[in-house]
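Take a look at the structure below.
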Amino acid sequence: MTFESLGLAPALLRALSEQGYTSPTPIQVQAIPLVLAGHDLLGGAQTGTGKTAAFGLPLLNRLSKQTAPNASRKPRALILVPTRELAVQVNDSLRGYAKHLRMNFCAIFGGAGMGPQVETLRRGVDVLVATPGRLIDHMERGTVKLDEIEVLVLDEADRMLDMGFLPAIKRILGRVPAQRQTLLFSATFESQLKQLALQFMRDPKQVQVAANNTIAQTISHVAHPVDAGRKRDLLIEIIAKRPADQVLVFGRTKHGCNRLVEQLDAAGLRSVAIHGNKSQAQRQKALRDFKGNRARVLVATDVAARGLDIPDLPLVINFDLPMVAEDYVHRIGRTGRNGSTGEALSLVSHDEGGLLRQIQHVLKKDVEMVVVPGYEPSRPIRLDVAIPNPRNNAGAGRPPRNNAPRGGARPHGQPAPRHAHAGQRQRAGAPAGRGGGRGSFRDGSIA
Ligand code: AMP
């Protein structure tokens with residue numbers, strides 16, 4: 001399959017070949033013809049699958065067919081995204097694809113000054129990429145008009161709902177013309193999202209790619225049981241033993257991530273953090289430093305890491321287990337891409353046994369437990385413990401509150417040659433029933 005055979009305009013084909021794209025990815029093969037034919041589309045895909053081009057190319061193709069100049073200077077395509085990083089990334093990608101077209105682009109997102117955004121909008125925009133909150137700000141000030149939108153894209157729609165953007169999205173939907181093409185991309189399609197899609201889409205076609213949703217078989221999953229207060233030392237030891245590798249570490253809280261960066265730096269492991277309390281400039285610098293190998297470790301929260309275009313990494317470490325098991329899949333999607341091998345290590349403290357159970361449920365297999373000598377947990381990890389209340393457990397190095405001893409899983413040993421730091425292996429104890437679902441945990445404070 002080639003991009004030519006998908007029926008894209010020559011100006012787009014030229015840009016693609018200049019960027020070294022030789023053939024379309026599976027989501028592009030499926031989505032591009034449907035979008036070109038004018039259908040609404042539900043796309044099941046996440047970052048790394050090439051979804052931006054899957055909606056971006058046919059969208060640009062459609063806009064490029066209009067020969068009349070955009071006299072009103074109002075945007076004709078709107079792409080809603082959950083985070084600033086994704087806004088910048090999508091905007092940059094689309095600009096690249098439209099290199100040989102005469103089109104104006106604008107990315108608007110919070111955490112940056114309104115002034116330059118207002119000025120760009122005033123000069124005239126064809127394609128607008130926006131986070132919902134900031135777009136509402138502009139709508140209220142009257143600095144953007146959405147009455148000429150022809151194509152609306154909701155990118156990472158599940159994440160936007162998780163982040164509480166539903167009311168904002170509904171308001172925005174009330175301002176775009178009913179006569180439009182709507183494309184919705186999401187890694188998951190839960191009922192709230194399906195309902196929303198039913199309400200505002202017209203007979204959507206559906207495409208789905210497994211890619212990052214299915215867990216690469218080349219990734220090994222290992223959990224190290226460890227006391228919460230010793231996680232930091234274990235993390236430093238693991239990273240220090242692999243001087244050649246860049247590592248992505250996930251923490252649960254912003255403050256926890258900051259603390260970890262300080263501690264890793266103090267141990268001589270140059271680190272940067274990326275989370276919701278960082279300014280746009282700080283986030284971009286952190287990402288640049290990591291991509292440029294000036295930092296060995298990137299410490300991130302789930303929400304901030306979402307959508308970041310990070311190259312394939314050999315190792316992802318879960319310093320804290322994610323509160324939502326699906327996030328584990330997103331986290332480890334940063335390793336083991338395209339057939340390369342990858343490792344996902346999770347540091348699991350006593351209070352996180354229930355979260356590990358959820359993860360095993362999503363993975364549909366047990367995660368191997370490996371006790372690292374010198375870091376034997378003072379209490380065994382039990383998978384049948386309740387999921388912790390995130391507000392009581394700030395994670396990232398803070399010991400759990402409840403110190404009451406509990407009996408439970410029994411380590412039994414076998415040598416573990418694959419990991420230099422590994423000692424005893426323990427099959428995770430019998431899972432108690434199904435994972436506990438998404439729970440109630442989602443608020444901006446942890447982003
Ligand atoms: P996305 O899933 O849209 O975030 O894309 C992930 C990465 O794949 C980005 O760096 C894109 O530039 C790249 N990409 C997308 N489509 C293709 C393609 N057909 N060939 C090569 N690279 C691609």
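Identifiers in this document derive from the order of the structure tokens: chains are assigned A, B, ..., residues are numbered from 1 separately in each chain, and ligands are numbered from 1 in order of occurrence.
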Got a sec: who's within 12 Å of Leu8 of chain A, counting only C-alpha atoms, leaving out chain neighbours fewer than 3 positions off, as a compact mmCIF listing (two decimals) with N, CA, C and O atoms, in the first residue's frame?
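Ended up saving to out08.txt:
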```txt
# COMPACT_ATOMS: atom_id res chain seq x y z
N THR A 2 0.52 2.23 -0.81
CA THR A 2 1.30 3.47 -0.86
C THR A 2 0.39 4.66 -0.56
O THR A 2 -0.83 4.55 -0.62
N PHE A 3 1.02 5.79 -0.24
CA PHE A 3 0.24 7.00 -0.01
C PHE A 3 -0.44 7.44 -1.32
O PHE A 3 -1.55 7.96 -1.30
N GLU A 4 0.25 7.21 -2.45
CA GLU A 4 -0.33 7.58 -3.74
C GLU A 4 -1.67 6.89 -3.94
O GLU A 4 -2.65 7.50 -4.33
N SER A 5 -1.70 5.60 -3.63
CA SER A 5 -2.92 4.83 -3.89
C SER A 5 -4.06 5.24 -2.96
O SER A 5 -5.22 4.89 -3.19
N ALA A 11 0.75 17.69 -3.47
CA ALA A 11 1.52 18.54 -2.53
C ALA A 11 1.73 17.80 -1.20
O ALA A 11 2.78 17.95 -0.56
N LEU A 12 0.76 17.01 -0.80
CA LEU A 12 0.91 16.24 0.45
C LEU A 12 1.89 15.08 0.23
O LEU A 12 2.74 14.81 1.08
N LEU A 13 1.78 14.43 -0.91
CA LEU A 13 2.68 13.30 -1.21
C LEU A 13 4.13 13.76 -1.21
O LEU A 13 5.02 13.07 -0.71
N ARG A 14 4.33 14.95 -1.75
CA ARG A 14 5.69 15.49 -1.79
C ARG A 14 6.23 15.69 -0.37
O ARG A 14 7.35 15.29 -0.05
N ALA A 15 5.41 16.29 0.47
CA ALA A 15 5.84 16.55 1.86
C ALA A 15 6.13 15.23 2.57
O ALA A 15 7.10 15.12 3.31
N LEU A 16 5.29 14.23 2.33
CA LEU A 16 5.49 12.94 3.00
C LEU A 16 6.80 12.30 2.57
O LEU A 16 7.55 11.79 3.41
N PRO A 24 2.08 4.03 4.30
CA PRO A 24 1.16 4.38 5.38
C PRO A 24 1.12 3.31 6.48
O PRO A 24 1.32 2.13 6.20
N GLN A 28 -3.54 4.57 9.11
CA GLN A 28 -3.63 5.47 7.96
C GLN A 28 -4.29 4.77 6.76
O GLN A 28 -5.12 5.36 6.07
N VAL A 29 -3.92 3.51 6.56
CA VAL A 29 -4.53 2.75 5.46
C VAL A 29 -6.04 2.68 5.64
O VAL A 29 -6.82 2.85 4.69
N ILE A 32 -7.68 6.94 6.12
CA ILE A 32 -7.57 8.00 5.11
C ILE A 32 -8.67 7.90 4.04
O ILE A 32 -9.36 8.90 3.76
N PRO A 33 -8.91 6.72 3.44
CA PRO A 33 -9.96 6.67 2.41
C PRO A 33 -11.35 7.04 2.96
O PRO A 33 -12.12 7.72 2.28
N VAL A 35 -12.06 9.06 5.49
CA VAL A 35 -12.15 10.50 5.76
C VAL A 35 -12.21 11.27 4.44
O VAL A 35 -12.96 12.23 4.30
N LEU A 36 -11.42 10.81 3.47
CA LEU A 36 -11.46 11.47 2.15
C LEU A 36 -12.86 11.38 1.55
O LEU A 36 -13.31 12.28 0.86
N ALA A 37 -13.55 10.27 1.83
CA ALA A 37 -14.91 10.09 1.29
C ALA A 37 -15.95 10.89 2.07
O ALA A 37 -17.13 10.85 1.76
N ALA A 53 -1.31 11.69 11.33
CA ALA A 53 -1.38 11.75 9.87
C ALA A 53 -2.67 11.09 9.37
O ALA A 53 -3.20 11.48 8.33
N ALA A 54 -3.18 10.13 10.12
CA ALA A 54 -4.40 9.44 9.69
C ALA A 54 -5.58 10.40 9.60
O ALA A 54 -6.39 10.31 8.69
N GLY A 56 -4.91 13.92 9.89
CA GLY A 56 -4.35 15.17 9.38
C GLY A 56 -4.27 15.21 7.86
O GLY A 56 -4.61 16.23 7.25
N LEU A 57 -3.83 14.12 7.27
CA LEU A 57 -3.65 14.15 5.80
C LEU A 57 -4.97 14.33 5.06
O LEU A 57 -5.08 15.22 4.21
N PRO A 58 -6.00 13.52 5.35
CA PRO A 58 -7.26 13.75 4.62
C PRO A 58 -7.90 15.10 4.96
O PRO A 58 -8.54 15.71 4.11
N LEU A 59 -7.68 15.56 6.18
CA LEU A 59 -8.22 16.87 6.56
C LEU A 59 -7.55 17.96 5.71
O LEU A 59 -8.24 18.82 5.12
N LEU A 60 -6.24 17.91 5.61
CA LEU A 60 -5.53 18.91 4.81
C LEU A 60 -5.90 18.77 3.33
O LEU A 60 -6.04 19.76 2.61
N ASN A 61 -6.07 17.53 2.91
CA ASN A 61 -6.47 17.27 1.52
C ASN A 61 -7.80 17.97 1.22
O ASN A 61 -7.94 18.64 0.19
N ARG A 62 -8.73 17.82 2.14
CA ARG A 62 -10.04 18.44 1.95
C ARG A 62 -9.93 19.97 1.88
O ARG A 62 -10.47 20.60 0.98
N LEU A 63 -9.19 20.54 2.83
CA LEU A 63 -9.07 22.00 2.84
C LEU A 63 -8.33 22.51 1.59
O LEU A 63 -8.64 23.59 1.08
N SER A 64 -7.40 21.71 1.10
CA SER A 64 -6.60 22.16 -0.04
C SER A 64 -7.41 22.20 -1.33
O SER A 64 -7.03 22.86 -2.29
N LYS A 65 -8.54 21.49 -1.34
CA LYS A 65 -9.37 21.45 -2.55
C LYS A 65 -10.12 22.75 -2.77
O LYS A 65 -10.63 23.02 -3.85
N TYR A 97 3.19 18.40 7.14
CA TYR A 97 2.48 17.76 6.03
C TYR A 97 1.99 18.82 5.02
O TYR A 97 1.85 18.55 3.83
N ALA A 98 1.68 20.01 5.54
CA ALA A 98 1.10 21.06 4.68
C ALA A 98 2.17 22.01 4.13
O ALA A 98 1.84 23.08 3.62
```
Expected selection as a ChimeraX atom specification for ligand 1 within 7 Å, only C-alpha atoms and all ligand atoms
/A:20-25,46-53,93,307,309
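Proximity ranking of A:Asp366, A:Glu237, A:Val303, A:Val90 relative to Ala267 of chain A places A:Glu237 first, based on only C-alpha atoms.
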Contacts of Leu287 of chain A within 9 Å, only C-alpha atoms, excl. fewer than 3 positions in-chain, as a PyMOL selection string:
chain A and resi 272-274+282-284+290-292+298+308+310
Write out the residues from the selection above, keeping N, CA, C and O atoms, as a PDB file, in the first residue's frame.
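Resulting contents of again05.pdb:
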```pdb
ATOM      1  N   VAL A 272      15.363  14.858  34.400  1.00  0.00           N
ATOM      2  CA  VAL A 272      14.432  15.973  34.201  1.00  0.00           C
ATOM      3  C   VAL A 272      13.022  15.467  34.479  1.00  0.00           C
ATOM      4  O   VAL A 272      12.744  14.278  34.343  1.00  0.00           O
ATOM      5  N   ALA A 273      12.155  16.398  34.872  1.00  0.00           N
ATOM      6  CA  ALA A 273      10.769  16.008  35.163  1.00  0.00           C
ATOM      7  C   ALA A 273       9.826  16.714  34.215  1.00  0.00           C
ATOM      8  O   ALA A 273      10.106  17.802  33.720  1.00  0.00           O
ATOM      9  N   ILE A 274       8.702  16.073  33.977  1.00  0.00           N
ATOM     10  CA  ILE A 274       7.682  16.689  33.131  1.00  0.00           C
ATOM     11  C   ILE A 274       6.328  16.391  33.779  1.00  0.00           C
ATOM     12  O   ILE A 274       5.989  15.254  34.035  1.00  0.00           O
ATOM     13  N   GLN A 282       9.370  25.017  30.338  1.00  0.00           N
ATOM     14  CA  GLN A 282      10.110  24.021  31.123  1.00  0.00           C
ATOM     15  C   GLN A 282       9.885  22.614  30.578  1.00  0.00           C
ATOM     16  O   GLN A 282      10.802  21.809  30.488  1.00  0.00           O
ATOM     17  N   ARG A 283       8.648  22.334  30.209  1.00  0.00           N
ATOM     18  CA  ARG A 283       8.352  21.002  29.677  1.00  0.00           C
ATOM     19  C   ARG A 283       9.098  20.757  28.374  1.00  0.00           C
ATOM     20  O   ARG A 283       9.658  19.691  28.146  1.00  0.00           O
ATOM     21  N   GLN A 284       9.069  21.781  27.533  1.00  0.00           N
ATOM     22  CA  GLN A 284       9.719  21.585  26.239  1.00  0.00           C
ATOM     23  C   GLN A 284      11.226  21.433  26.401  1.00  0.00           C
ATOM     24  O   GLN A 284      11.846  20.626  25.724  1.00  0.00           O
ATOM     25  N   PHE A 290      16.057  15.461  27.216  1.00  0.00           N
ATOM     26  CA  PHE A 290      15.979  13.995  27.236  1.00  0.00           C
ATOM     27  C   PHE A 290      16.225  13.439  25.831  1.00  0.00           C
ATOM     28  O   PHE A 290      17.032  12.536  25.645  1.00  0.00           O
ATOM     29  N   LYS A 291      15.550  14.033  24.871  1.00  0.00           N
ATOM     30  CA  LYS A 291      15.729  13.541  23.495  1.00  0.00           C
ATOM     31  C   LYS A 291      17.165  13.747  23.025  1.00  0.00           C
ATOM     32  O   LYS A 291      17.684  12.958  22.255  1.00  0.00           O
ATOM     33  N   GLY A 292      17.798  14.844  23.481  1.00  0.00           N
ATOM     34  CA  GLY A 292      19.176  15.134  23.080  1.00  0.00           C
ATOM     35  C   GLY A 292      20.191  14.402  23.928  1.00  0.00           C
ATOM     36  O   GLY A 292      21.383  14.663  23.845  1.00  0.00           O
ATOM     37  N   LEU A 298      13.995  10.594  32.394  1.00  0.00           N
ATOM     38  CA  LEU A 298      12.834  11.486  32.323  1.00  0.00           C
ATOM     39  C   LEU A 298      11.816  10.957  33.324  1.00  0.00           C
ATOM     40  O   LEU A 298      11.403   9.799  33.242  1.00  0.00           O
ATOM     41  N   LEU A 308       3.347  12.349  24.334  1.00  0.00           N
ATOM     42  CA  LEU A 308       4.703  12.808  24.028  1.00  0.00           C
ATOM     43  C   LEU A 308       5.335  11.873  23.004  1.00  0.00           C
ATOM     44  O   LEU A 308       5.232  10.661  23.132  1.00  0.00           O
ATOM     45  N   ILE A 310       8.147  10.287  22.268  1.00  0.00           N
ATOM     46  CA  ILE A 310       9.455   9.893  22.807  1.00  0.00           C
ATOM     47  C   ILE A 310       9.916   8.665  22.033  1.00  0.00           C
ATOM     48  O   ILE A 310       9.122   7.767  21.792  1.00  0.00           O
TER      49      ILE A 310
END
```
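Here the strand (DSSP E or B) residues in segment 168-279 of chain A, by DSSP on the backbone, are Gln181, Thr182, Leu183, Leu184, Phe185, Ser186, Lys205, Gln206, Val207, Gln208, Ile219, Ser220, His221, Val222, Ala223, His224, Pro225, Val247, Leu248, Val249, Phe250, Ser271, Val272, Ala273 and Ile274 of chain A.
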Of the candidates A:Ala325, A:Val247, A:Leu146, A:Val207, which one gets nearest to Arg76 of chain A if we count only C-alpha atoms?
A:Leu146
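Compared by their closest atoms to Ala45 of chain A, and using only C-alpha atoms, the residues A:Val88, A:Met114, A:Ala157, A:Met103 rank with A:Ala157 nearest.
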Enumerate, as a ChimeraX atom specification, the complete set of residues in segment 1-49 of chain A that a backbone-based DSSP assignment places in helix (DSSP H, G or I).
/A:4-6,10-18,26-36
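Atom CA of Gln181 of chain A to atom CA of Pro116 of chain A spans 28.9 Å [interatomic distance, one decimal].
Distance check against Gln179 of chain A using only C-alpha atoms: of A:Leu94, A:Leu196, A:Leu152, A:Leu78, the minimum falls on A:Leu152.
Here atom CA of Leu183 of chain A stands at a distance of 18.8 Å from atom CA of Gly7 of chain A.
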So that I can check the surroundings of Lys170 of chain A, please list as a list of chain:residue names every protein, DNA and RNA residue that reaches within 12 Å of it, counting only C-alpha atoms and ignoring chain neighbours fewer than 3 positions away.
A:Leu80, A:Pro132, A:Gly133, A:Ile136, A:Leu154, A:Met160, A:Leu161, A:Gly164, A:Phe165, A:Leu166, A:Pro167, A:Leu173, A:Gly174, A:Arg175, A:Val176, A:Leu196, A:Ala197, A:Gln199, A:Phe200
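Across the structure, atom CA of Gln246 of chain A and atom CA of Asp320 of chain A are spaced 18.5 Å apart.
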Using only C-alpha atoms, the residue out of A:Gly268, A:Pro377, A:Gly333, A:Pro322 with shortest distance to Asp227 of chain A is A:Pro377
Report as a ChimeraX atom specification all protein, DNA and RNA residues lying within 9 Å of Thr335 of chain A, evaluated on only C-alpha atoms, omitting residues in the same chain fewer than 2 positions from it.
/A:216,219,311-316,331-333,337,340-344
For the selection you just gave me, I'd like the residues written to a file as a compact mmCIF listing (two decimals), in the first residue's frame, keeping N, CA and C atoms.
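So part.txt came out as:
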```txt
# COMPACT_ATOMS: atom_id res chain seq x y z
N ALA A 216 3.19 -5.31 23.43
CA ALA A 216 4.19 -5.98 22.60
C ALA A 216 4.70 -7.22 23.33
N ILE A 219 8.15 -7.21 25.29
CA ILE A 219 8.39 -6.52 26.56
C ILE A 219 8.36 -7.53 27.70
N PRO A 311 11.17 8.66 21.64
CA PRO A 311 11.62 7.49 20.87
C PRO A 311 11.58 6.22 21.71
N ASP A 312 11.73 5.11 21.03
CA ASP A 312 11.70 3.82 21.71
C ASP A 312 12.79 3.77 22.79
N LEU A 313 12.43 3.30 23.96
CA LEU A 313 13.37 3.24 25.08
C LEU A 313 13.51 1.79 25.53
N PRO A 314 14.70 1.43 26.04
CA PRO A 314 14.87 0.04 26.47
C PRO A 314 14.18 -0.27 27.79
N LEU A 315 13.94 0.77 28.59
CA LEU A 315 13.47 0.51 29.95
C LEU A 315 12.49 1.58 30.41
N VAL A 316 11.35 1.11 30.89
CA VAL A 316 10.39 2.00 31.56
C VAL A 316 10.24 1.50 32.98
N ARG A 331 1.98 3.51 29.54
CA ARG A 331 3.35 3.75 30.00
C ARG A 331 4.34 2.85 29.27
N ILE A 332 4.04 1.56 29.26
CA ILE A 332 5.03 0.64 28.71
C ILE A 332 5.02 0.66 27.18
N GLY A 333 4.06 1.36 26.60
CA GLY A 333 4.06 1.52 25.15
C GLY A 333 5.25 2.33 24.67
N ARG A 337 8.98 -1.12 21.03
CA ARG A 337 8.26 -0.82 19.78
C ARG A 337 8.89 -1.52 18.60
N SER A 340 11.48 -4.35 18.86
CA SER A 340 12.66 -4.29 19.72
C SER A 340 12.28 -4.82 21.11
N THR A 341 13.30 -5.24 21.85
CA THR A 341 12.98 -5.75 23.18
C THR A 341 12.88 -4.59 24.17
N GLY A 342 12.09 -4.75 25.18
CA GLY A 342 11.94 -3.70 26.18
C GLY A 342 11.67 -4.31 27.53
N GLU A 343 11.96 -3.53 28.55
CA GLU A 343 11.68 -4.01 29.90
C GLU A 343 10.76 -3.03 30.60
N ALA A 344 9.80 -3.56 31.29
CA ALA A 344 8.93 -2.74 32.15
C ALA A 344 9.14 -3.22 33.58
```
Test item: residues at most 10 Å from Gly44 of chain A, only C-alpha atoms, excluding those fewer than 4 positions along its chain, as number ranges by chain
A: 27, 51, 156, 184-189, 206-210, 213
